[in-house]
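Structure file my_file21.txt with compact mmCIF, C-alpha atoms and all ligand atoms:
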```txt
# COMPACT_ATOMS: atom_id res chain seq x y z
CA MET A 1 -0.45 -29.70 -12.22
CA PRO A 2 0.95 -26.18 -11.88
CA SER A 3 -0.73 -23.61 -14.11
CA ASP A 4 -1.57 -19.90 -14.23
CA GLU A 5 -5.03 -20.77 -12.93
CA GLU A 6 -3.54 -21.72 -9.59
CA PHE A 7 -3.45 -18.18 -8.35
CA VAL A 8 -5.73 -15.21 -8.90
CA VAL A 9 -4.72 -11.60 -8.34
CA THR A 10 -7.31 -8.85 -8.77
CA PRO A 11 -7.95 -5.77 -6.64
CA TRP A 12 -10.76 -7.67 -4.93
CA GLU A 13 -9.38 -11.15 -4.70
CA VAL A 14 -5.98 -12.69 -4.09
CA LYS A 15 -6.13 -16.47 -4.11
CA GLY A 16 -3.59 -19.29 -4.19
CA ASP A 17 0.19 -19.38 -4.12
CA VAL A 18 1.32 -16.28 -5.96
CA ASP A 19 4.20 -16.82 -8.37
CA TYR A 20 5.71 -13.34 -8.69
CA ALA A 21 7.81 -14.09 -11.76
CA LYS A 22 4.66 -15.26 -13.56
CA LEU A 23 2.69 -12.29 -12.31
CA VAL A 24 5.26 -9.86 -13.73
CA LYS A 25 4.89 -11.61 -17.11
CA GLN A 26 1.08 -11.76 -16.92
CA PHE A 27 0.76 -8.09 -15.99
CA GLY A 28 3.58 -6.95 -18.28
CA THR A 29 5.53 -5.12 -15.59
CA GLU A 30 9.31 -5.00 -15.10
CA LEU A 31 11.40 -6.26 -12.21
CA ILE A 32 13.21 -3.58 -10.23
CA ASP A 33 16.80 -4.31 -11.25
CA ALA A 34 20.17 -3.25 -9.85
CA LYS A 35 20.35 -0.36 -12.33
CA LEU A 36 17.07 1.13 -11.19
CA LEU A 37 18.01 0.63 -7.54
CA ALA A 38 21.28 2.47 -8.20
CA ARG A 39 19.34 5.30 -9.83
CA ILE A 40 17.00 5.61 -6.85
CA GLU A 41 19.95 5.48 -4.47
CA LYS A 42 21.82 8.15 -6.42
CA HIS A 43 18.96 10.61 -6.08
CA ALA A 44 17.73 9.64 -2.61
CA GLY A 45 21.21 9.38 -1.09
CA GLU A 46 20.37 5.93 0.32
CA LEU A 47 18.14 2.93 -0.36
CA HIS A 48 15.13 2.19 1.77
CA TYR A 49 15.16 -1.22 3.46
CA LEU A 50 11.92 -2.20 1.72
CA LEU A 51 13.68 -1.74 -1.64
CA GLN A 52 16.80 -3.50 -0.43
CA ARG A 53 14.79 -6.45 0.81
CA GLY A 54 12.84 -6.76 -2.42
CA ILE A 55 9.46 -6.06 -0.81
CA TYR A 56 9.05 -3.48 -3.58
CA PHE A 57 10.10 -5.70 -6.45
CA SER A 58 8.45 -4.61 -9.69
CA HIS A 59 7.65 -1.37 -11.53
CA ARG A 60 6.24 0.43 -14.51
CA ASP A 61 7.99 3.33 -16.21
CA MET A 62 10.21 4.33 -13.30
CA ASN A 63 13.08 4.95 -15.70
CA PHE A 64 10.91 7.47 -17.55
CA VAL A 65 10.08 9.09 -14.19
CA PHE A 66 13.79 9.47 -13.38
CA ASP A 67 14.57 10.73 -16.92
CA GLU A 68 12.07 13.51 -16.27
CA TYR A 69 13.48 14.02 -12.78
CA GLU A 70 16.95 14.47 -14.20
CA LYS A 71 15.58 16.99 -16.71
CA GLY A 72 14.22 19.05 -13.82
CA ASN A 73 10.63 17.76 -13.84
CA PRO A 74 10.24 16.13 -10.41
CA PHE A 75 7.38 13.76 -9.60
CA TYR A 76 4.65 13.63 -7.01
CA LEU A 77 3.35 10.62 -5.06
CA TYR A 78 -0.04 9.01 -4.95
CA ASN A 79 -1.56 5.94 -3.38
CA GLY A 80 -4.59 4.98 -1.38
CA ARG A 81 -6.25 2.96 1.25
CA GLY A 82 -9.57 1.16 1.12
CA PRO A 83 -11.16 1.85 4.51
CA SER A 84 -12.88 -1.42 5.33
CA GLY A 85 -11.22 -1.76 8.72
CA HIS A 86 -8.38 -0.53 10.88
CA THR A 87 -4.85 -0.18 9.53
CA HIS A 88 -2.58 -3.21 9.79
CA ILE A 89 1.19 -3.64 9.58
CA GLY A 90 1.02 -4.18 5.82
CA HIS A 91 -0.74 -0.87 5.21
CA LEU A 92 1.74 0.78 7.51
CA THR A 93 4.55 -0.56 5.32
CA GLN A 94 3.08 1.40 2.41
CA PHE A 95 2.92 4.57 4.53
CA ILE A 96 6.48 4.09 5.84
CA PHE A 97 7.85 3.68 2.32
CA THR A 98 5.84 6.56 0.88
CA LYS A 99 6.96 8.86 3.69
CA TRP A 100 10.57 7.97 2.93
CA MET A 101 9.95 8.87 -0.72
CA GLN A 102 8.37 12.17 0.32
CA ASP A 103 11.32 12.98 2.62
CA LYS A 104 13.92 12.10 0.02
CA PHE A 105 12.26 13.70 -2.98
CA LYS A 106 10.50 16.53 -1.11
CA CYS A 107 7.37 16.02 -3.13
CA PRO A 108 3.61 16.37 -2.76
CA TYR A 109 1.68 13.24 -1.82
CA TYR A 110 -2.00 12.44 -2.34
CA LEU A 111 -3.66 9.67 -0.33
CA GLN A 112 -7.05 8.55 -1.57
CA LEU A 113 -9.39 7.04 1.01
CA THR A 114 -11.89 5.07 -1.01
CA ASP A 115 -14.90 4.97 1.30
CA ASP A 116 -17.07 4.76 -1.83
CA GLU A 117 -15.22 1.68 -3.07
CA LYS A 118 -15.54 -0.23 0.18
CA PHE A 119 -19.21 0.73 0.45
CA LEU A 120 -19.91 -0.43 -3.09
CA PHE A 121 -17.95 -3.67 -2.92
CA LYS A 122 -18.82 -4.85 0.57
CA PHE A 123 -22.49 -5.50 0.82
CA GLU A 124 -22.55 -5.48 4.61
CA LEU A 125 -20.56 -2.24 5.00
CA GLU A 126 -22.50 1.00 5.46
CA LEU A 127 -21.10 4.27 4.11
CA ASP A 128 -20.87 5.69 7.64
CA GLN A 129 -18.69 2.78 8.71
CA ALA A 130 -16.40 3.22 5.71
CA ARG A 131 -16.13 6.93 6.51
CA PHE A 132 -15.35 6.09 10.13
CA TYR A 133 -12.50 3.82 9.08
CA ALA A 134 -11.30 6.36 6.53
CA LYS A 135 -10.78 8.86 9.36
CA GLU A 136 -9.16 6.20 11.55
CA ASN A 137 -6.81 5.19 8.71
CA ALA A 138 -5.93 8.84 8.14
CA LEU A 139 -4.71 9.02 11.75
CA ASP A 140 -2.17 6.30 10.96
CA LEU A 141 -0.97 8.25 7.98
CA ILE A 142 -0.51 11.39 10.07
CA ALA A 143 1.16 9.40 12.87
CA THR A 144 3.72 8.14 10.32
CA GLY A 145 4.99 11.72 10.08
CA PHE A 146 4.01 13.08 6.67
CA ASP A 147 4.53 16.77 5.96
CA PRO A 148 1.12 18.51 6.35
CA LYS A 149 2.09 21.15 3.78
CA LYS A 150 2.77 18.56 1.10
CA THR A 151 0.24 15.86 1.96
CA HIS A 152 -3.34 15.85 0.73
CA LEU A 153 -5.98 13.46 1.96
CA ILE A 154 -8.82 12.76 -0.41
CA MET A 155 -11.91 11.11 0.95
CA ASP A 156 -13.90 10.12 -2.11
CA SER A 157 -17.43 10.74 -0.86
CA TYR A 158 -16.42 14.14 0.61
CA HIS A 159 -14.23 15.33 -2.22
CA ALA A 160 -16.64 14.23 -4.93
CA ARG A 161 -16.98 17.84 -6.12
CA THR A 162 -13.31 17.88 -7.11
CA ILE A 163 -13.01 14.26 -8.24
CA TYR A 164 -16.26 13.67 -10.11
CA PRO A 165 -15.77 16.05 -13.09
CA LEU A 166 -12.36 14.48 -13.70
CA ALA A 167 -13.62 10.93 -13.12
CA ILE A 168 -16.28 11.24 -15.82
CA HIS A 169 -13.58 12.20 -18.32
CA VAL A 170 -11.87 8.92 -17.50
CA ALA A 171 -15.14 6.94 -17.41
CA LYS A 172 -16.11 8.14 -20.89
CA ARG A 173 -13.04 6.40 -22.29
CA ILE A 174 -13.49 3.02 -20.58
CA THR A 175 -15.92 0.62 -22.18
CA PHE A 176 -17.90 -1.95 -20.25
CA SER A 177 -16.10 -4.71 -22.12
CA THR A 178 -12.71 -3.37 -20.94
CA ALA A 179 -13.96 -3.21 -17.36
CA LYS A 180 -15.25 -6.78 -17.64
CA ALA A 181 -12.02 -8.08 -19.14
CA VAL A 182 -9.75 -6.34 -16.62
CA PHE A 183 -11.74 -6.74 -13.43
CA GLY A 184 -13.82 -9.83 -14.17
CA PHE A 185 -17.17 -8.06 -13.67
CA THR A 186 -20.32 -9.98 -14.45
CA ASN A 187 -23.94 -8.96 -14.91
CA SER A 188 -24.54 -9.30 -11.19
CA ASN A 189 -22.05 -6.60 -10.15
CA ASN A 190 -23.70 -3.36 -9.11
CA ILE A 191 -23.21 -0.45 -11.51
CA GLY A 192 -21.37 1.67 -8.92
CA SER A 193 -18.56 -0.84 -8.71
CA ILE A 194 -18.15 -0.80 -12.49
CA PHE A 195 -17.70 2.97 -12.48
CA PHE A 196 -15.37 2.99 -9.48
CA THR A 197 -12.03 2.56 -11.29
CA SER A 198 -12.50 6.00 -12.87
CA PHE A 199 -12.37 7.50 -9.35
CA GLN A 200 -9.17 5.67 -8.52
CA ALA A 201 -7.58 7.03 -11.71
CA VAL A 202 -8.09 10.70 -10.82
CA PRO A 203 -5.33 11.31 -8.25
CA ALA A 204 -2.87 9.96 -10.85
CA PHE A 205 -3.29 13.29 -12.73
CA LEU A 206 -4.99 15.52 -10.14
CA HIS A 207 -1.77 17.29 -9.22
CA SER A 208 -1.15 18.13 -12.87
CA VAL A 209 -4.67 19.55 -13.09
CA ARG A 210 -4.12 21.63 -9.97
CA VAL A 211 -0.80 23.13 -11.03
CA GLY A 212 -1.73 23.43 -14.71
CA ARG A 213 1.14 21.43 -16.22
CA ASN A 214 2.11 17.79 -16.58
CA VAL A 215 3.84 16.49 -13.45
CA PRO A 216 4.95 12.84 -13.42
CA CYS A 217 3.22 10.71 -10.79
CA VAL A 218 4.66 7.76 -8.85
CA ILE A 219 2.32 5.26 -7.23
CA PRO A 220 3.76 2.85 -4.66
CA LEU A 221 1.17 0.07 -4.29
CA ALA A 222 0.59 -3.60 -3.58
CA ILE A 223 0.57 -5.41 -6.93
CA ASP A 224 -3.11 -6.42 -6.70
CA GLN A 225 -3.99 -2.75 -7.38
CA ASP A 226 -2.12 -2.77 -10.70
CA ALA A 227 -5.26 -3.53 -12.72
CA HIS A 228 -6.71 -0.07 -12.02
CA PHE A 229 -3.61 1.57 -13.41
CA ARG A 230 -3.35 -0.67 -16.45
CA VAL A 231 -6.65 0.93 -17.41
CA ALA A 232 -5.68 4.42 -16.23
CA ARG A 233 -2.38 4.30 -18.11
CA ASP A 234 -4.31 3.67 -21.34
CA VAL A 235 -6.74 6.50 -20.75
CA LEU A 236 -4.61 9.30 -19.30
CA PRO A 237 -2.58 10.07 -22.45
CA LYS A 238 -5.89 10.40 -24.33
CA LEU A 239 -6.78 13.17 -21.88
CA GLY A 240 -3.38 14.82 -22.36
CA TYR A 241 -1.77 13.55 -19.16
CA LEU A 242 1.28 11.37 -18.50
CA LYS A 243 1.10 7.69 -17.63
CA PRO A 244 1.93 7.30 -13.95
CA GLY A 245 5.02 5.37 -12.86
CA ILE A 246 4.34 2.53 -10.46
CA LEU A 247 6.32 0.69 -7.77
CA HIS A 248 4.77 -2.68 -6.87
CA SER A 249 5.11 -4.43 -3.55
CA ARG A 250 4.56 -8.09 -2.75
CA PHE A 251 1.64 -9.30 -0.70
CA LEU A 252 2.32 -9.46 2.95
CA PRO A 253 1.81 -12.84 4.59
CA GLY A 254 -0.69 -13.00 7.42
CA LEU A 255 -0.17 -14.46 10.87
CA GLN A 256 -1.78 -17.74 9.95
CA GLN A 257 -0.40 -20.37 7.63
CA GLY A 258 -0.77 -19.48 3.96
CA GLY A 259 -3.05 -16.44 4.36
CA LYS A 260 -2.37 -12.79 3.61
CA MET A 261 -2.94 -9.80 5.87
CA SER A 262 -6.50 -8.63 5.53
CA ALA A 263 -8.21 -5.55 6.97
CA SER A 264 -11.44 -7.52 7.32
CA ASP A 265 -9.83 -10.35 9.33
CA PRO A 266 -8.62 -9.10 12.73
CA ASP A 267 -6.58 -12.24 13.45
CA SER A 268 -4.64 -12.10 10.19
CA ALA A 269 -2.27 -9.32 11.23
CA LEU A 270 -1.21 -6.86 13.90
CA PHE A 271 -3.34 -3.73 13.66
CA THR A 272 -2.14 -0.29 14.70
CA VAL A 273 -4.90 -0.04 17.32
CA ASP A 274 -4.09 -3.37 19.00
CA PRO A 275 -3.40 -3.03 22.75
CA PRO A 276 -0.41 -4.92 24.26
CA GLU A 277 -2.44 -7.95 25.38
CA VAL A 278 -3.85 -8.43 21.86
CA ILE A 279 -0.39 -8.06 20.29
CA LYS A 280 0.89 -10.70 22.66
CA LYS A 281 -1.95 -13.11 22.00
CA LYS A 282 -1.78 -12.76 18.22
CA LEU A 283 1.98 -13.26 18.08
CA GLN A 284 1.90 -16.18 20.49
CA ASN A 285 -0.69 -17.91 18.31
CA ALA A 286 1.03 -17.07 15.02
CA PHE A 287 2.24 -19.70 12.57
CA THR A 288 6.03 -20.10 12.52
CA GLY A 289 8.65 -21.99 10.55
CA GLY A 290 9.48 -24.10 13.59
CA ARG A 291 10.00 -27.88 13.55
CA GLY A 292 8.09 -30.69 15.22
CA ASN A 293 9.97 -30.43 18.52
CA ALA A 294 12.81 -28.53 20.18
CA ALA A 295 15.46 -31.18 19.59
CA GLU A 296 14.68 -31.33 15.90
CA GLN A 297 14.75 -27.55 15.64
CA ARG A 298 18.10 -27.29 17.41
CA LYS A 299 19.41 -29.74 14.82
CA LEU A 300 17.74 -28.48 11.64
CA GLY A 301 17.13 -24.80 12.45
CA GLY A 302 13.99 -22.74 11.80
CA GLN A 303 12.59 -21.67 8.43
CA PRO A 304 12.03 -17.90 8.21
CA GLU A 305 10.85 -18.25 4.60
CA ILE A 306 7.61 -19.91 5.70
CA CYS A 307 7.29 -18.17 9.08
CA SER A 308 4.65 -15.51 9.71
CA ILE A 309 6.58 -13.75 12.48
CA PHE A 310 9.69 -13.07 10.37
CA PRO A 311 7.91 -10.80 7.83
CA ASN A 312 6.86 -8.54 10.69
CA TYR A 313 10.53 -7.92 11.44
CA GLN A 314 11.33 -7.48 7.75
CA LEU A 315 8.52 -5.06 7.09
CA VAL A 316 8.47 -2.81 10.11
CA PHE A 317 10.11 -3.81 13.34
CA ILE A 318 13.75 -4.36 12.32
CA PRO A 319 14.78 -1.87 9.64
CA GLN A 320 18.52 -2.35 10.35
CA GLN A 321 19.91 -5.01 8.03
CA ASP A 322 22.70 -6.21 10.33
CA LYS A 323 20.21 -6.81 13.15
CA LEU A 324 17.84 -8.67 10.88
CA ASP A 325 20.67 -10.81 9.52
CA ALA A 326 21.82 -11.69 13.05
CA LEU A 327 18.31 -12.73 14.04
CA GLU A 328 17.85 -14.78 10.89
CA GLN A 329 21.17 -16.51 11.49
CA ARG A 330 20.21 -17.42 15.08
CA CYS A 331 16.94 -18.87 13.78
CA ARG A 332 18.42 -20.86 10.90
CA SER A 333 21.22 -22.29 13.04
CA GLY A 334 18.75 -23.63 15.60
CA GLU A 335 20.27 -21.49 18.34
CA MET A 336 17.05 -19.53 18.87
CA LEU A 337 13.72 -21.35 19.09
CA CYS A 338 10.32 -19.90 18.17
CA GLY A 339 9.33 -19.10 21.75
CA GLU A 340 12.29 -16.76 22.23
CA CYS A 341 11.77 -15.23 18.81
CA LYS A 342 8.08 -14.58 19.50
CA ASN A 343 9.01 -12.85 22.76
CA ILE A 344 11.44 -10.58 20.90
CA CYS A 345 8.73 -9.75 18.41
CA ILE A 346 6.17 -9.10 21.16
CA ASP A 347 8.57 -6.62 22.81
CA LEU A 348 9.42 -4.79 19.60
CA ALA A 349 5.82 -4.69 18.39
CA THR A 350 4.50 -3.48 21.73
CA LYS A 351 7.05 -0.67 21.91
CA PHE A 352 6.53 0.35 18.29
CA LEU A 353 2.75 0.27 18.41
CA THR A 354 2.43 1.98 21.79
CA ASP A 355 4.53 4.89 20.46
CA HIS A 356 2.52 4.91 17.24
CA GLN A 357 -0.74 4.97 19.21
CA LYS A 358 0.38 8.06 21.14
CA ARG A 359 1.12 9.91 17.90
CA ARG A 360 -2.12 8.57 16.47
CA GLU A 361 -4.23 10.08 19.25
CA LYS A 362 -2.49 13.44 18.87
CA ALA A 363 -3.28 13.31 15.16
CA ARG A 364 -7.04 13.59 15.77
CA ASP A 365 -6.75 17.39 15.99
CA LYS A 366 -4.66 17.58 12.84
CA LEU A 367 -6.96 15.70 10.50
CA ASN A 368 -8.37 18.83 8.87
CA ASP A 369 -4.90 20.23 8.15
CA PHE A 370 -4.28 17.24 5.90
CA LEU A 371 -7.51 17.30 3.90
CA LEU A 372 -7.21 18.32 0.27
CA LYS A 373 -8.43 21.92 0.03
CA GLU A 374 -11.24 22.44 -2.44
CA ASP A 375 -12.18 25.79 -3.93
CA GLU A 376 -15.11 27.64 -2.36
CA LEU A 377 -18.29 26.54 -4.06
CA SER A 378 -19.63 29.05 -6.56
CA ILE A 379 -21.36 28.67 -9.89
CA GLU A 380 -20.12 31.04 -12.53
N1 LIG B 401 -8.40 0.46 -3.92
C1 LIG B 401 -7.42 0.56 -2.88
C2 LIG B 401 -7.74 -0.41 -1.74
O1 LIG B 401 -8.71 -1.08 -1.71
C3 LIG B 401 -7.31 1.96 -2.36
C4 LIG B 401 -6.60 2.86 -3.33
C5 LIG B 401 -7.09 3.97 -3.96
C6 LIG B 401 -5.25 2.72 -3.81
N2 LIG B 401 -6.17 4.56 -4.76
C7 LIG B 401 -5.02 3.80 -4.69
C8 LIG B 401 -4.23 1.81 -3.52
C9 LIG B 401 -3.78 3.98 -5.31
C10 LIG B 401 -2.99 1.97 -4.14
C11 LIG B 401 -2.79 3.06 -5.03
O2 LIG B 401 -6.94 -0.54 -0.84
```
Will you turn the file into structure tokens for me?
Ligand code: TRP
Amino acid sequence: MPSDEEFVVTPWEVKGDVDYAKLVKQFGTELIDAKLLARIEKHAGELHYLLQRGIYFSHRDMNFVFDEYEKGNPFYLYNGRGPSGHTHIGHLTQFIFTKWMQDKFKCPYYLQLTDDEKFLFKFELELDQARFYAKENALDLIATGFDPKKTHLIMDSYHARTIYPLAIHVAKRITFSTAKAVFGFTNSNNIGSIFFTSFQAVPAFLHSVRVGRNVPCVIPLAIDQDAHFRVARDVLPKLGYLKPGILHSRFLPGLQQGGKMSASDPDSALFTVDPPEVIKKKLQNAFTGGRGNAAEQRKLGGQPEICSIFPNYQLVFIPQQDKLDALEQRCRSGEMLCGECKNICIDLATKFLTDHQKRREKARDKLNDFLLKEDELSIE
């Protein structure tokens, strides 16, 4: 009996078989249509493969953002990363797309590392561990090639002096009953987690605060994070700021059947720190869309739509559409079996991640260049 109850999507839980068309209705977002794609392409000069492939599929207010852009009021970018573990391919997808946006639109970008959030929501995680992962995740951001002059890393527990005074302005306008309705909190949630959404709202207007005028904000995120910004979009105009525009991506399937990539489950995805032997093992053990035996697969072909290897190509390893199409065709026709395909993926992933790891190690010295600069402390 299919019903809305079959899947759950909140920032802290994604359960069941997500029906994206239903989700768009439930959340009240809009699909990214051909007109919006054309608008992005017109200004960017090209379309990113993640837009072309529909990985970013839904939005809020992006037409308003481009109206402003065309009037000479360009936007800035914001998104974040919850540091509960190392960075996986799915997180990297967000960085790759956001970097493309920064390159094309030459705009500032704020990345919020929510060490506070992960500490508050994961009982077993100590703050030191969350801070450790925040720094590790920041290396992946730097290794992706962001412009240090335009990129600002916020680590919540470090930058509290800048974020807190703004967060309490947001918090004052969110009632407990709203927080309960939106996030499903109950009486047993700790009070830090109830306050947290006001921290996540701040970078959506922080740039406007810093430059002293309203600058539109664009937030590329995975759609489970939308709830935070449904609340923030209500509150920000009351504080005199613009509602941020949002680009939503789908969830990225994990390497096992039915699951999604998860930072807290090392076997669910390739991680940027995985050495070649781990990459090989994970991909060899991954769930595919193969058939019962080779003969059957030669006859019927493989099924990329249920395969967990194929999304890795789509998301990161094969950006060129003609190459991806050729591979898909060889799979569907039964010409290529899963063993060969896994070997191709192992080669591409190993090359990509070994290069990334070199840049990642070099990034250790650059971390401080990327941190959001706060004013010297003084009490007037
Ligand atoms: N809460 C997010 C997470 O757990 C991290 C985050 C903070 C974020 N600000 C954001 C994600 C803005 C997307 C957009 O991953």
Wanna dump the region 74-143 of chain A-region 41-50 of chain A contacts at 10 Å for me, each residue with its shortest atom pair and the distance in Å to one decimal, counting all atoms listed in the file, ordered by chain and number, as a tab-separated table?
```
residue	atom	partner	partner_atom	distance
A:Thr93	CA	A:Leu50	CA	8.4
A:Gln94	CA	A:Leu50	CA	9.6
A:Ile96	CA	A:Leu50	CA	9.3
A:Phe97	CA	A:Leu50	CA	7.2
A:Trp100	CA	A:His48	CA	7.5
A:Met101	CA	A:Ala44	CA	8.0
A:Asp103	CA	A:Ala44	CA	8.9
A:Lys104	CA	A:Ala44	CA	5.2
A:Phe105	CA	A:Ala44	CA	6.8
```
Write a file of the just-selected residues containing C-alpha atoms, as a PDB file, in the frame of the given file.
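Okay, selection10.pdb is ready:
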```pdb
ATOM      1  CA  THR A  93       4.550  -0.560   5.320  1.00  0.00           C
ATOM      2  CA  GLN A  94       3.080   1.400   2.410  1.00  0.00           C
ATOM      3  CA  ILE A  96       6.480   4.090   5.840  1.00  0.00           C
ATOM      4  CA  PHE A  97       7.850   3.680   2.320  1.00  0.00           C
ATOM      5  CA  TRP A 100      10.570   7.970   2.930  1.00  0.00           C
ATOM      6  CA  MET A 101       9.950   8.870  -0.720  1.00  0.00           C
ATOM      7  CA  ASP A 103      11.320  12.980   2.620  1.00  0.00           C
ATOM      8  CA  LYS A 104      13.920  12.100   0.020  1.00  0.00           C
ATOM      9  CA  PHE A 105      12.260  13.700  -2.980  1.00  0.00           C
TER      10      PHE A 105
END
```
Margin query: If we count all atoms listed in the file and set the cut-off at 10 Å, which residues sit around region 26-31 of chain A, ignoring sequence neighbours fewer than 3 positions away in its own chain? Please answer as an MDAnalysis selection string.
Written below: chainID A and resid 4 20:23 34 36 54 56:62 223 226:227 230 246:248
Go ahead and save the picked residues with C-alpha atoms, as a CSV table (one decimal), in the coordinates of the input.
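What ended up in selection_11.csv:
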```csv
chain,number,residue,atom,x,y,z
A,4,ASP,CA,-1.6,-19.9,-14.2
A,20,TYR,CA,5.7,-13.3,-8.7
A,21,ALA,CA,7.8,-14.1,-11.8
A,22,LYS,CA,4.7,-15.3,-13.6
A,23,LEU,CA,2.7,-12.3,-12.3
A,34,ALA,CA,20.2,-3.2,-9.8
A,36,LEU,CA,17.1,1.1,-11.2
A,54,GLY,CA,12.8,-6.8,-2.4
A,56,TYR,CA,9.0,-3.5,-3.6
A,57,PHE,CA,10.1,-5.7,-6.4
A,58,SER,CA,8.4,-4.6,-9.7
A,59,HIS,CA,7.6,-1.4,-11.5
A,60,ARG,CA,6.2,0.4,-14.5
A,61,ASP,CA,8.0,3.3,-16.2
A,62,MET,CA,10.2,4.3,-13.3
A,223,ILE,CA,0.6,-5.4,-6.9
A,226,ASP,CA,-2.1,-2.8,-10.7
A,227,ALA,CA,-5.3,-3.5,-12.7
A,230,ARG,CA,-3.4,-0.7,-16.4
A,246,ILE,CA,4.3,2.5,-10.5
A,247,LEU,CA,6.3,0.7,-7.8
A,248,HIS,CA,4.8,-2.7,-6.9
```
All residues having an atom within 9 Å of ligand LIG 401 (chain B) (only C-alpha atoms and all ligand atoms) as a compact mmCIF listing (two decimals) with C-alpha atoms, in the coordinates of the input:
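What landed in pocket.txt:
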```
# COMPACT_ATOMS: atom_id res chain seq x y z
CA PRO A 11 -7.95 -5.77 -6.64
CA TRP A 12 -10.76 -7.67 -4.93
CA TYR A 78 -0.04 9.01 -4.95
CA ASN A 79 -1.56 5.94 -3.38
CA GLY A 80 -4.59 4.98 -1.38
CA ARG A 81 -6.25 2.96 1.25
CA GLY A 82 -9.57 1.16 1.12
CA PRO A 83 -11.16 1.85 4.51
CA SER A 84 -12.88 -1.42 5.33
CA HIS A 91 -0.74 -0.87 5.21
CA GLN A 94 3.08 1.40 2.41
CA LEU A 111 -3.66 9.67 -0.33
CA GLN A 112 -7.05 8.55 -1.57
CA LEU A 113 -9.39 7.04 1.01
CA THR A 114 -11.89 5.07 -1.01
CA ASP A 115 -14.90 4.97 1.30
CA GLU A 117 -15.22 1.68 -3.07
CA LYS A 118 -15.54 -0.23 0.18
CA THR A 197 -12.03 2.56 -11.29
CA PHE A 199 -12.37 7.50 -9.35
CA GLN A 200 -9.17 5.67 -8.52
CA ALA A 201 -7.58 7.03 -11.71
CA VAL A 202 -8.09 10.70 -10.82
CA PRO A 203 -5.33 11.31 -8.25
CA ALA A 204 -2.87 9.96 -10.85
CA ILE A 219 2.32 5.26 -7.23
CA PRO A 220 3.76 2.85 -4.66
CA LEU A 221 1.17 0.07 -4.29
CA ALA A 222 0.59 -3.60 -3.58
CA ILE A 223 0.57 -5.41 -6.93
CA ASP A 224 -3.11 -6.42 -6.70
CA GLN A 225 -3.99 -2.75 -7.38
CA ASP A 226 -2.12 -2.77 -10.70
CA HIS A 228 -6.71 -0.07 -12.02
CA PHE A 229 -3.61 1.57 -13.41
CA ILE A 246 4.34 2.53 -10.46
```
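You can rank A:Thr162, A:Thr151, A:Asn187, A:Ser249 by their closest distance to Pro108 (chain A) using all atoms listed in the file, and at the top of that list sits A:Thr151.
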Give me the residues near Lys342 (chain A) as a JSON list (two decimals) with C-alpha atoms, in the frame of the given file, where near means some atom within 10 Å (using only C-alpha atoms) and where sequence neighbours in that chain fewer than 2 positions away do not count.
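Final output, saved to result-v4.json:
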```json
[["chain", "number", "residue", "atom", "x", "y", "z"],
["A", 280, "LYS", "CA", 0.89, -10.70, 22.66],
["A", 283, "LEU", "CA", 1.98, -13.26, 18.08],
["A", 284, "GLN", "CA", 1.90, -16.18, 20.49],
["A", 285, "ASN", "CA", -0.69, -17.91, 18.31],
["A", 286, "ALA", "CA", 1.03, -17.07, 15.02],
["A", 288, "THR", "CA", 6.03, -20.10, 12.52],
["A", 309, "ILE", "CA", 6.58, -13.75, 12.48],
["A", 310, "PHE", "CA", 9.69, -13.07, 10.37],
["A", 337, "LEU", "CA", 13.72, -21.35, 19.09],
["A", 338, "CYS", "CA", 10.32, -19.90, 18.17],
["A", 339, "GLY", "CA", 9.33, -19.10, 21.75],
["A", 340, "GLU", "CA", 12.29, -16.76, 22.23],
["A", 344, "ILE", "CA", 11.44, -10.58, 20.90],
["A", 345, "CYS", "CA", 8.73, -9.75, 18.41],
["A", 346, "ILE", "CA", 6.17, -9.10, 21.16],
["A", 347, "ASP", "CA", 8.57, -6.62, 22.81],
["A", 348, "LEU", "CA", 9.42, -4.79, 19.60]]
```
Note to self: Please list as a PyMOL selection string every residue within 10 Å of region 327-329 of chain A, counting all atoms listed in the file and excluding residues in the same chain fewer than 6 positions away.
What the structure shows: chain A and resi 301-304+310+313+318+321+335-336+341+344
Next item on the list: Quick one: everything within 10 Å of Thr144 (chain A), counting only C-alpha atoms, minus sequence neighbours fewer than 6 positions away in the same chain. Send it as a list in words.
Entry: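 The neighbour list is Leu92, Phe95, Ile96, Thr98, Lys99, Ala138, His356, Arg359, Arg360 and Ala363 of chain A.
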Note to self: Could you list, as a PyMOL selection string, every residue within 10 Å of region 175-177 of chain A, counting all atoms listed in the file and ignoring same-chain residues fewer than 6 positions away?
What the structure shows: chain A and resi 183-185+194-195
Export of the given selection (C-alpha atoms) as a short mmCIF file (atom, residue, chain, number, x, y, z; two decimals), in the frame of the given file:
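File produced: result-v8.cif:
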```
data_model
loop_
_atom_site.label_atom_id
_atom_site.label_comp_id
_atom_site.auth_asym_id
_atom_site.auth_seq_id
_atom_site.Cartn_x
_atom_site.Cartn_y
_atom_site.Cartn_z
CA PHE A 183 -11.74 -6.74 -13.43
CA GLY A 184 -13.82 -9.83 -14.17
CA PHE A 185 -17.17 -8.06 -13.67
CA ILE A 194 -18.15 -0.80 -12.49
CA PHE A 195 -17.70 2.97 -12.48
#
```
Next item on the list: For CA of Tyr164 (chain A) and CA of Leu77 (chain A), quote the distance in Å rounded to one decimal.
Entry: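 Answer for the CA of Tyr164 (chain A) to CA of Leu77 (chain A) separation: 20.5 Å.
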Next item on the list: For CA of Gln256 (chain A) and CA of Ile142 (chain A), quote the distance in Å rounded to one decimal.
Entry: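 Between CA of Gln256 (chain A) and CA of Ile142 (chain A) the gap works out to 29.2 Å.
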